[in-house]
Amino acid sequence: MMNSAKLSELTQEQLESLATQAKSYTQGGRLPDYIPLLAKVNPEWFAVQINCTNGNSFSFGETEIPFVLMSVVKPFVLLFLLEKIGKEAVFSNIGMQPSDKPFYSIEQLEADQGWPRNPMINSGAIALASLLPGADGLTRCENLCSWLNQCAGTNLVLDKAMLDSVVAAGGERNRSIAKIMFESGFLNEPEIAIDTYNHICCLAGNISDLANLGMLLVEKKAEISHKNRRIVNALMMTCGLYEASANFAVKVGLPTKSGVSGALLSVVPSAGAIACYSPTLDHVGNSKAGIFFLEKFTNSLNLSLFV
Ligand code: GLN
């Protein structure tokens, strides 16, 4: 049976039963403490929305709560740039290699002589941010945001309070990453790149926005080339959950991206998008209850791409 058929059989009762089980897992994780405002959210929040290509949509939990995308924005910056400047320009200074080090790893970057090895970790995303059109971080973020809102029908907005919190926290590690890439010739204008990266990580929406965003990667859209969609999905599958990506591909088998806000997005090609939000994280920095939910949900509906 095709994935699309399997997802279209979902019922609200089934979703509620799996989501209720997953919600209890929020207690097993921890809120990130390096961005003060992220440490202040309610650790028990849990929201999920499934959008299907047949038009059905199912949701559960705190569906109205807005949250920042953080690293879930990375696949969408990549998609935007592939559309606007093309594959050659995007990958001239950024690789497609998975890493088994954390998303903020300086050790990995040094081992690679300053080369950002993929767009799903911070080095690669900061390098992507440097390619966005616009004179400064805010303008670049607005350009990306309006393109996404137009293509995906989302209502993403910049969360200024979160941005202030990110800036106040200093972002030492990301600054070091930008400096190393700059000194190695892989990044221009590191200050603007960091400013842009901080802005785009603070784009915020609710669970419905996240599911709608995911639909950009699910099926044919007039404004997006299928080749670009494939590149983004492949990189989400191999790198989207950092060092947990390979394990997750075996357990779940869907392109997925996480962020330290607890946002989590999976793509079921041709069938739908699974958006999840739950802010407590596991040791890798992926949503604890979100990962649990995705495992249960995809296995009970048999959604893995690897038949
Ligand atoms: N802005 C966050 C950071 O750079 C994003 C990382 C993430 O979501 N994993 O630390």
# chains A, B, ... in the order shown; residues from 1 in each chain; ligands from 1
>>> residues_near_ligand(ligand="ligand 1", cutoff="8 Å", atoms="only C-alpha atoms and all ligand atoms", output="number ranges by chain")
A: 69-72, 103-104, 121-122, 166, 171, 174, 197-198, 201-202, 258-261, 285-286
>>> write_last_selection(atoms="C-alpha atoms", output="tab-separated table (two decimals), in the first residue's frame")
chain	number	residue	atom	x	y	z
A	69	LEU	CA	11.21	27.30	14.61
A	70	MET	CA	14.91	27.39	15.58
A	71	SER	CA	16.65	24.74	13.47
A	72	VAL	CA	13.44	23.63	11.77
A	103	PHE	CA	24.84	20.55	15.77
A	104	TYR	CA	27.07	23.20	17.37
A	121	ILE	CA	23.95	21.85	11.44
A	122	ASN	CA	24.76	25.36	12.67
A	166	VAL	CA	19.15	34.86	21.80
A	171	GLY	CA	25.87	32.96	21.13
A	174	ASN	CA	27.96	30.28	16.85
A	197	TYR	CA	20.86	33.26	11.38
A	198	ASN	CA	19.61	34.57	14.75
A	201	CYS	CA	15.77	30.92	13.94
A	202	CYS	CA	13.26	33.19	15.72
A	258	SER	CA	14.18	19.16	14.75
A	259	GLY	CA	14.87	22.43	16.55
A	260	VAL	CA	15.90	23.25	20.14
A	261	SER	CA	12.52	24.91	20.68
A	285	GLY	CA	18.63	18.30	21.38
A	286	ASN	CA	15.59	16.67	19.79
>>> residues_around(residues="A:Phe60", least_positions_apart="3", cutoff="7 Å", atoms="only C-alpha atoms", output="list in words")
Glu16, Ala47, Val48, Gln49 and Thr63 of chain A
>>> write_last_selection(atoms="C-alpha atoms", output="PDB file, in the first residue's frame")
ATOM      1  CA  GLU A  16      -5.452  11.117  20.226  1.00  0.00           C
ATOM      2  CA  ALA A  47       0.868  19.766  20.158  1.00  0.00           C
ATOM      3  CA  VAL A  48       0.638  17.752  16.987  1.00  0.00           C
ATOM      4  CA  GLN A  49      -0.925  18.333  13.581  1.00  0.00           C
ATOM      5  CA  THR A  63      -2.586  23.871  19.019  1.00  0.00           C
TER       6      THR A  63
END
>>> residues_around(residues="stretch 250-257 of chain A", least_positions_apart="2", cutoff="10 Å", atoms="only C-alpha atoms", output="ChimeraX atom specification")
/A:71-75,120,214,217,232-242,245-248,259,263-269,273-275,286,291,294-299,302-307
>>> select_by_dssp(residues="stretch 182-234 of chain A", states="helix (DSSP H, G or I)", output="ChimeraX atom specification")
/A:182-183,190-201,207-217,226-234
>>> write_last_selection(atoms="C-alpha atoms", output="tab-separated table (two decimals), in the first residue's frame")
chain	number	residue	atom	x	y	z
A	182	PHE	CA	35.45	33.20	7.71
A	183	GLU	CA	39.15	32.59	8.39
A	190	PRO	CA	30.35	36.81	9.44
A	191	GLU	CA	28.52	39.45	11.54
A	192	ILE	CA	25.68	39.77	9.03
A	193	ALA	CA	25.55	35.98	8.68
A	194	ILE	CA	25.14	35.52	12.45
A	195	ASP	CA	22.60	38.34	12.68
A	196	THR	CA	20.60	36.74	9.85
A	197	TYR	CA	20.86	33.26	11.38
A	198	ASN	CA	19.61	34.57	14.75
A	199	HIS	CA	16.67	36.29	13.08
A	200	ILE	CA	15.53	33.33	10.99
A	201	CYS	CA	15.77	30.92	13.94
A	207	ILE	CA	1.49	23.85	15.02
A	208	SER	CA	-0.75	24.47	12.02
A	209	ASP	CA	1.90	26.77	10.50
A	210	LEU	CA	4.51	24.08	11.00
A	211	ALA	CA	2.35	21.44	9.29
A	212	ASN	CA	1.60	23.85	6.42
A	213	LEU	CA	5.28	24.59	6.02
A	214	GLY	CA	5.95	20.86	5.84
A	215	MET	CA	3.52	20.51	2.94
A	216	LEU	CA	6.00	22.46	0.78
A	217	LEU	CA	8.18	19.34	0.92
A	226	HIS	CA	10.83	18.67	-7.54
A	227	LYS	CA	14.62	18.43	-7.81
A	228	ASN	CA	15.03	20.98	-5.05
A	229	ARG	CA	12.42	19.29	-2.88
A	230	ARG	CA	14.31	16.02	-3.24
A	231	ILE	CA	17.58	17.58	-2.18
A	232	VAL	CA	16.00	19.05	0.95
A	233	ASN	CA	14.22	15.81	1.87
A	234	ALA	CA	17.37	13.74	1.35
>>> atom_distance(atom1="atom CA of A:Lys288", atom2="atom CA of A:Ala22")
8.9 Å
>>> residues_around(residues="A:Thr53", least_positions_apart="3", cutoff="10 Å", atoms="only C-alpha atoms", output="short mmCIF file (atom, residue, chain, number, x, y, z; two decimals) with N, CA and C atoms, in the first residue's frame")
data_model
loop_
_atom_site.label_atom_id
_atom_site.label_comp_id
_atom_site.auth_asym_id
_atom_site.auth_seq_id
_atom_site.Cartn_x
_atom_site.Cartn_y
_atom_site.Cartn_z
N SER A 4 0.50 7.26 0.92
CA SER A 4 -0.65 8.17 0.89
C SER A 4 -1.91 7.44 1.36
N LEU A 7 -1.68 6.93 5.26
CA LEU A 7 -1.94 8.13 6.07
C LEU A 7 -3.40 8.54 5.98
N SER A 8 -4.02 8.29 4.82
CA SER A 8 -5.41 8.73 4.66
C SER A 8 -6.36 7.88 5.51
N ASN A 56 -7.39 16.24 4.32
CA ASN A 56 -7.70 16.03 5.74
C ASN A 56 -6.62 16.63 6.63
N SER A 57 -7.04 17.03 7.81
CA SER A 57 -6.09 17.56 8.77
C SER A 57 -6.54 17.14 10.17
N MET A 215 4.17 20.91 4.20
CA MET A 215 3.52 20.51 2.94
C MET A 215 4.29 20.99 1.72
N VAL A 218 6.17 18.02 0.56
CA VAL A 218 5.44 16.77 0.43
C VAL A 218 5.05 16.43 -1.00
N GLU A 219 4.60 17.43 -1.72
CA GLU A 219 4.03 17.13 -3.04
C GLU A 219 4.33 18.26 -4.02
N VAL A 268 6.03 12.91 4.86
CA VAL A 268 5.65 11.61 4.29
C VAL A 268 5.42 11.90 2.80
N PRO A 269 6.45 11.66 1.96
CA PRO A 269 6.35 12.11 0.57
C PRO A 269 5.06 11.66 -0.11
N SER A 270 4.45 12.57 -0.81
CA SER A 270 3.18 12.39 -1.52
C SER A 270 1.98 12.20 -0.62
N ALA A 271 2.18 12.07 0.69
CA ALA A 271 1.05 11.76 1.57
C ALA A 271 0.71 12.85 2.58
N GLY A 272 1.72 13.48 3.18
CA GLY A 272 1.39 14.49 4.16
C GLY A 272 2.57 14.93 5.01
N ALA A 273 2.27 15.80 5.97
CA ALA A 273 3.30 16.31 6.87
C ALA A 273 2.86 16.07 8.31
#
>>> closest_residue(among="A:Ala289, A:Leu203, A:Ala244, A:Ala169", to="A:Tyr34", atoms="only C-alpha atoms")
A:Ala169
>>> select_by_dssp(residues="stretch 51-300 of chain A", states="strand (DSSP E or B)", output="PDB file with N, CA and C atoms, in the first residue's frame")
ATOM      1  N   ASN A  51      -1.216  17.029   8.387  1.00  0.00           N
ATOM      2  CA  ASN A  51      -1.914  17.479   7.168  1.00  0.00           C
ATOM      3  C   ASN A  51      -1.744  16.398   6.096  1.00  0.00           C
ATOM      4  N   CYS A  52      -2.837  16.023   5.469  1.00  0.00           N
ATOM      5  CA  CYS A  52      -2.759  14.983   4.435  1.00  0.00           C
ATOM      6  C   CYS A  52      -3.000  15.607   3.057  1.00  0.00           C
ATOM      7  N   SER A  57      -7.036  17.026   7.813  1.00  0.00           N
ATOM      8  CA  SER A  57      -6.089  17.562   8.770  1.00  0.00           C
ATOM      9  C   SER A  57      -6.542  17.144  10.166  1.00  0.00           C
ATOM     10  N   PHE A  58      -5.602  16.682  10.992  1.00  0.00           N
ATOM     11  CA  PHE A  58      -5.924  16.224  12.337  1.00  0.00           C
ATOM     12  C   PHE A  58      -4.999  16.938  13.305  1.00  0.00           C
ATOM     13  N   SER A  59      -5.520  17.339  14.465  1.00  0.00           N
ATOM     14  CA  SER A  59      -4.613  17.955  15.440  1.00  0.00           C
ATOM     15  C   SER A  59      -5.011  17.585  16.854  1.00  0.00           C
ATOM     16  N   PHE A  60      -4.087  17.830  17.777  1.00  0.00           N
ATOM     17  CA  PHE A  60      -4.291  17.465  19.182  1.00  0.00           C
ATOM     18  C   PHE A  60      -3.401  18.344  20.051  1.00  0.00           C
ATOM     19  N   GLY A  61      -3.884  18.699  21.238  1.00  0.00           N
ATOM     20  CA  GLY A  61      -3.038  19.373  22.227  1.00  0.00           C
ATOM     21  C   GLY A  61      -3.084  20.879  22.142  1.00  0.00           C
ATOM     22  N   PHE A  67       5.387  29.043  18.800  1.00  0.00           N
ATOM     23  CA  PHE A  67       6.755  28.663  19.199  1.00  0.00           C
ATOM     24  C   PHE A  67       7.701  29.044  18.067  1.00  0.00           C
ATOM     25  N   VAL A  68       8.984  29.202  18.415  1.00  0.00           N
ATOM     26  CA  VAL A  68       9.959  29.561  17.374  1.00  0.00           C
ATOM     27  C   VAL A  68      10.440  28.304  16.655  1.00  0.00           C
ATOM     28  N   VAL A 157       5.816  34.842  11.909  1.00  0.00           N
ATOM     29  CA  VAL A 157       6.245  36.205  12.274  1.00  0.00           C
ATOM     30  C   VAL A 157       7.551  36.099  13.064  1.00  0.00           C
ATOM     31  N   LEU A 158       8.277  37.191  13.094  1.00  0.00           N
ATOM     32  CA  LEU A 158       9.511  37.217  13.880  1.00  0.00           C
ATOM     33  C   LEU A 158       9.148  37.413  15.354  1.00  0.00           C
ATOM     34  N   LEU A 203      11.856  32.903  13.755  1.00  0.00           N
ATOM     35  CA  LEU A 203      10.549  32.931  13.086  1.00  0.00           C
ATOM     36  C   LEU A 203       9.626  31.988  13.850  1.00  0.00           C
ATOM     37  N   ALA A 204       8.410  32.464  14.096  1.00  0.00           N
ATOM     38  CA  ALA A 204       7.502  31.699  14.960  1.00  0.00           C
ATOM     39  C   ALA A 204       6.137  31.500  14.321  1.00  0.00           C
ATOM     40  N   GLY A 205       5.496  30.416  14.723  1.00  0.00           N
ATOM     41  CA  GLY A 205       4.130  30.119  14.274  1.00  0.00           C
ATOM     42  C   GLY A 205       3.538  29.094  15.218  1.00  0.00           C
ATOM     43  N   LYS A 221       4.356  21.377  -6.239  1.00  0.00           N
ATOM     44  CA  LYS A 221       3.866  22.757  -6.070  1.00  0.00           C
ATOM     45  C   LYS A 221       4.399  23.509  -7.260  1.00  0.00           C
ATOM     46  N   ILE A 224       7.783  25.338  -6.732  1.00  0.00           N
ATOM     47  CA  ILE A 224       8.999  24.662  -6.250  1.00  0.00           C
ATOM     48  C   ILE A 224       9.365  23.475  -7.140  1.00  0.00           C
ATOM     49  N   THR A 256      13.126  14.177   8.418  1.00  0.00           N
ATOM     50  CA  THR A 256      12.646  14.839   9.643  1.00  0.00           C
ATOM     51  C   THR A 256      13.619  15.922  10.054  1.00  0.00           C
ATOM     52  N   LYS A 257      13.110  17.012  10.614  1.00  0.00           N
ATOM     53  CA  LYS A 257      13.997  18.066  11.137  1.00  0.00           C
ATOM     54  C   LYS A 257      13.513  18.501  12.506  1.00  0.00           C
ATOM     55  N   SER A 258      14.486  18.721  13.390  1.00  0.00           N
ATOM     56  CA  SER A 258      14.176  19.161  14.752  1.00  0.00           C
ATOM     57  C   SER A 258      14.759  20.538  15.007  1.00  0.00           C
ATOM     58  N   ALA A 263      10.393  21.957  18.335  1.00  0.00           N
ATOM     59  CA  ALA A 263       9.647  21.762  17.087  1.00  0.00           C
ATOM     60  C   ALA A 263      10.235  20.563  16.343  1.00  0.00           C
ATOM     61  N   LEU A 264       9.351  19.817  15.677  1.00  0.00           N
ATOM     62  CA  LEU A 264       9.784  18.607  14.975  1.00  0.00           C
ATOM     63  C   LEU A 264       8.859  18.425  13.771  1.00  0.00           C
ATOM     64  N   LEU A 265       9.457  18.165  12.614  1.00  0.00           N
ATOM     65  CA  LEU A 265       8.646  18.068  11.401  1.00  0.00           C
ATOM     66  C   LEU A 265       9.090  16.872  10.565  1.00  0.00           C
ATOM     67  N   SER A 266       8.131  16.019  10.203  1.00  0.00           N
ATOM     68  CA  SER A 266       8.428  14.884   9.323  1.00  0.00           C
ATOM     69  C   SER A 266       7.630  15.002   8.043  1.00  0.00           C
ATOM     70  N   VAL A 267       8.251  14.532   6.973  1.00  0.00           N
ATOM     71  CA  VAL A 267       7.609  14.572   5.654  1.00  0.00           C
ATOM     72  C   VAL A 267       7.278  13.139   5.230  1.00  0.00           C
ATOM     73  N   VAL A 268       6.029  12.913   4.859  1.00  0.00           N
ATOM     74  CA  VAL A 268       5.655  11.614   4.291  1.00  0.00           C
ATOM     75  C   VAL A 268       5.419  11.903   2.802  1.00  0.00           C
ATOM     76  N   GLY A 272       1.721  13.476   3.176  1.00  0.00           N
ATOM     77  CA  GLY A 272       1.387  14.493   4.164  1.00  0.00           C
ATOM     78  C   GLY A 272       2.569  14.930   5.009  1.00  0.00           C
ATOM     79  N   ALA A 273       2.269  15.796   5.971  1.00  0.00           N
ATOM     80  CA  ALA A 273       3.297  16.311   6.875  1.00  0.00           C
ATOM     81  C   ALA A 273       2.857  16.067   8.308  1.00  0.00           C
ATOM     82  N   ILE A 274       3.830  15.713   9.147  1.00  0.00           N
ATOM     83  CA  ILE A 274       3.550  15.481  10.568  1.00  0.00           C
ATOM     84  C   ILE A 274       4.314  16.533  11.353  1.00  0.00           C
ATOM     85  N   ALA A 275       3.585  17.446  12.008  1.00  0.00           N
ATOM     86  CA  ALA A 275       4.229  18.508  12.788  1.00  0.00           C
ATOM     87  C   ALA A 275       4.002  18.244  14.262  1.00  0.00           C
ATOM     88  N   CYS A 276       5.048  18.425  15.049  1.00  0.00           N
ATOM     89  CA  CYS A 276       4.958  18.130  16.470  1.00  0.00           C
ATOM     90  C   CYS A 276       5.663  19.235  17.241  1.00  0.00           C
ATOM     91  N   TYR A 277       5.156  19.573  18.401  1.00  0.00           N
ATOM     92  CA  TYR A 277       5.847  20.549  19.255  1.00  0.00           C
ATOM     93  C   TYR A 277       5.750  20.108  20.695  1.00  0.00           C
ATOM     94  N   LEU A 281      13.723  18.318  25.734  1.00  0.00           N
ATOM     95  CA  LEU A 281      14.618  17.694  24.751  1.00  0.00           C
ATOM     96  C   LEU A 281      15.378  16.496  25.303  1.00  0.00           C
ATOM     97  N   SER A 287      13.241  16.922  20.413  1.00  0.00           N
ATOM     98  CA  SER A 287      12.106  16.848  21.338  1.00  0.00           C
ATOM     99  C   SER A 287      11.879  15.416  21.814  1.00  0.00           C
TER     100      SER A 287
END
>>> atom_distance(atom1="atom CA of A:Trp115", atom2="atom CA of A:Ile180")
8.8 Å
>>> atom_distance(atom1="atom CA of A:Ser278", atom2="atom CA of A:Asn42")
9.2 Å
>>> decode(residues="stretch 66-87 of chain A", atoms="N, CA, C and O atoms", output="PDB file, in the first residue's frame")
ATOM      1  N   PRO A  66       2.092  29.605  20.138  1.00  0.00           N
ATOM      2  CA  PRO A  66       3.150  29.874  19.152  1.00  0.00           C
ATOM      3  C   PRO A  66       4.512  29.449  19.684  1.00  0.00           C
ATOM      4  O   PRO A  66       4.747  29.475  20.895  1.00  0.00           O
ATOM      5  N   PHE A  67       5.387  29.043  18.800  1.00  0.00           N
ATOM      6  CA  PHE A  67       6.755  28.663  19.199  1.00  0.00           C
ATOM      7  C   PHE A  67       7.701  29.044  18.067  1.00  0.00           C
ATOM      8  O   PHE A  67       7.282  29.189  16.912  1.00  0.00           O
ATOM      9  N   VAL A  68       8.984  29.202  18.415  1.00  0.00           N
ATOM     10  CA  VAL A  68       9.959  29.561  17.374  1.00  0.00           C
ATOM     11  C   VAL A  68      10.440  28.304  16.655  1.00  0.00           C
ATOM     12  O   VAL A  68      10.498  27.228  17.238  1.00  0.00           O
ATOM     13  N   LEU A  69      10.799  28.465  15.396  1.00  0.00           N
ATOM     14  CA  LEU A  69      11.213  27.300  14.605  1.00  0.00           C
ATOM     15  C   LEU A  69      12.607  26.810  15.004  1.00  0.00           C
ATOM     16  O   LEU A  69      12.894  25.632  14.959  1.00  0.00           O
ATOM     17  N   MET A  70      13.495  27.737  15.380  1.00  0.00           N
ATOM     18  CA  MET A  70      14.913  27.391  15.580  1.00  0.00           C
ATOM     19  C   MET A  70      15.394  26.573  14.374  1.00  0.00           C
ATOM     20  O   MET A  70      15.137  26.949  13.261  1.00  0.00           O
ATOM     21  N   SER A  71      16.024  25.424  14.610  1.00  0.00           N
ATOM     22  CA  SER A  71      16.654  24.740  13.472  1.00  0.00           C
ATOM     23  C   SER A  71      15.676  24.144  12.460  1.00  0.00           C
ATOM     24  O   SER A  71      16.113  23.699  11.399  1.00  0.00           O
ATOM     25  N   VAL A  72      14.388  24.125  12.773  1.00  0.00           N
ATOM     26  CA  VAL A  72      13.439  23.629  11.767  1.00  0.00           C
ATOM     27  C   VAL A  72      13.375  24.599  10.582  1.00  0.00           C
ATOM     28  O   VAL A  72      12.906  24.252   9.498  1.00  0.00           O
ATOM     29  N   VAL A  73      13.913  25.800  10.760  1.00  0.00           N
ATOM     30  CA  VAL A  73      13.933  26.735   9.626  1.00  0.00           C
ATOM     31  C   VAL A  73      14.985  26.316   8.588  1.00  0.00           C
ATOM     32  O   VAL A  73      14.891  26.686   7.415  1.00  0.00           O
ATOM     33  N   LYS A  74      15.981  25.527   9.020  1.00  0.00           N
ATOM     34  CA  LYS A  74      17.120  25.231   8.125  1.00  0.00           C
ATOM     35  C   LYS A  74      16.701  24.616   6.774  1.00  0.00           C
ATOM     36  O   LYS A  74      17.167  25.081   5.730  1.00  0.00           O
ATOM     37  N   PRO A  75      15.850  23.574   6.761  1.00  0.00           N
ATOM     38  CA  PRO A  75      15.468  23.033   5.447  1.00  0.00           C
ATOM     39  C   PRO A  75      14.778  24.066   4.556  1.00  0.00           C
ATOM     40  O   PRO A  75      14.879  23.987   3.329  1.00  0.00           O
ATOM     41  N   PHE A  76      14.100  25.032   5.182  1.00  0.00           N
ATOM     42  CA  PHE A  76      13.348  26.008   4.390  1.00  0.00           C
ATOM     43  C   PHE A  76      14.227  27.146   3.872  1.00  0.00           C
ATOM     44  O   PHE A  76      13.937  27.713   2.832  1.00  0.00           O
ATOM     45  N   VAL A  77      15.300  27.448   4.586  1.00  0.00           N
ATOM     46  CA  VAL A  77      16.277  28.397   4.036  1.00  0.00           C
ATOM     47  C   VAL A  77      16.941  27.723   2.842  1.00  0.00           C
ATOM     48  O   VAL A  77      17.170  28.350   1.801  1.00  0.00           O
ATOM     49  N   LEU A  78      17.254  26.441   3.017  1.00  0.00           N
ATOM     50  CA  LEU A  78      17.881  25.699   1.920  1.00  0.00           C
ATOM     51  C   LEU A  78      16.963  25.677   0.696  1.00  0.00           C
ATOM     52  O   LEU A  78      17.400  25.956  -0.426  1.00  0.00           O
ATOM     53  N   LEU A  79      15.694  25.375   0.915  1.00  0.00           N
ATOM     54  CA  LEU A  79      14.732  25.324  -0.192  1.00  0.00           C
ATOM     55  C   LEU A  79      14.648  26.677  -0.906  1.00  0.00           C
ATOM     56  O   LEU A  79      14.694  26.756  -2.137  1.00  0.00           O
ATOM     57  N   PHE A  80      14.543  27.729  -0.118  1.00  0.00           N
ATOM     58  CA  PHE A  80      14.460  29.094  -0.666  1.00  0.00           C
ATOM     59  C   PHE A  80      15.680  29.384  -1.536  1.00  0.00           C
ATOM     60  O   PHE A  80      15.561  29.849  -2.680  1.00  0.00           O
ATOM     61  N   LEU A  81      16.860  29.085  -1.017  1.00  0.00           N
ATOM     62  CA  LEU A  81      18.085  29.404  -1.761  1.00  0.00           C
ATOM     63  C   LEU A  81      18.235  28.539  -3.005  1.00  0.00           C
ATOM     64  O   LEU A  81      18.701  29.009  -4.047  1.00  0.00           O
ATOM     65  N   LEU A  82      17.838  27.275  -2.910  1.00  0.00           N
ATOM     66  CA  LEU A  82      17.901  26.416  -4.107  1.00  0.00           C
ATOM     67  C   LEU A  82      17.017  27.007  -5.204  1.00  0.00           C
ATOM     68  O   LEU A  82      17.390  27.022  -6.383  1.00  0.00           O
ATOM     69  N   GLU A  83      15.856  27.502  -4.816  1.00  0.00           N
ATOM     70  CA  GLU A  83      14.942  28.115  -5.784  1.00  0.00           C
ATOM     71  C   GLU A  83      15.495  29.423  -6.346  1.00  0.00           C
ATOM     72  O   GLU A  83      15.345  29.717  -7.514  1.00  0.00           O
ATOM     73  N   LYS A  84      16.123  30.219  -5.467  1.00  0.00           N
ATOM     74  CA  LYS A  84      16.518  31.577  -5.876  1.00  0.00           C
ATOM     75  C   LYS A  84      17.883  31.637  -6.558  1.00  0.00           C
ATOM     76  O   LYS A  84      18.070  32.405  -7.492  1.00  0.00           O
ATOM     77  N   ILE A  85      18.861  30.845  -6.059  1.00  0.00           N
ATOM     78  CA  ILE A  85      20.201  30.981  -6.649  1.00  0.00           C
ATOM     79  C   ILE A  85      20.730  29.678  -7.248  1.00  0.00           C
ATOM     80  O   ILE A  85      21.758  29.681  -7.911  1.00  0.00           O
ATOM     81  N   GLY A  86      20.036  28.562  -6.995  1.00  0.00           N
ATOM     82  CA  GLY A  86      20.406  27.299  -7.634  1.00  0.00           C
ATOM     83  C   GLY A  86      21.397  26.452  -6.834  1.00  0.00           C
ATOM     84  O   GLY A  86      22.119  26.944  -5.970  1.00  0.00           O
ATOM     85  N   LYS A  87      21.417  25.180  -7.206  1.00  0.00           N
ATOM     86  CA  LYS A  87      22.189  24.170  -6.479  1.00  0.00           C
ATOM     87  C   LYS A  87      23.700  24.448  -6.483  1.00  0.00           C
ATOM     88  O   LYS A  87      24.375  24.296  -5.467  1.00  0.00           O
TER      89      LYS A  87
END
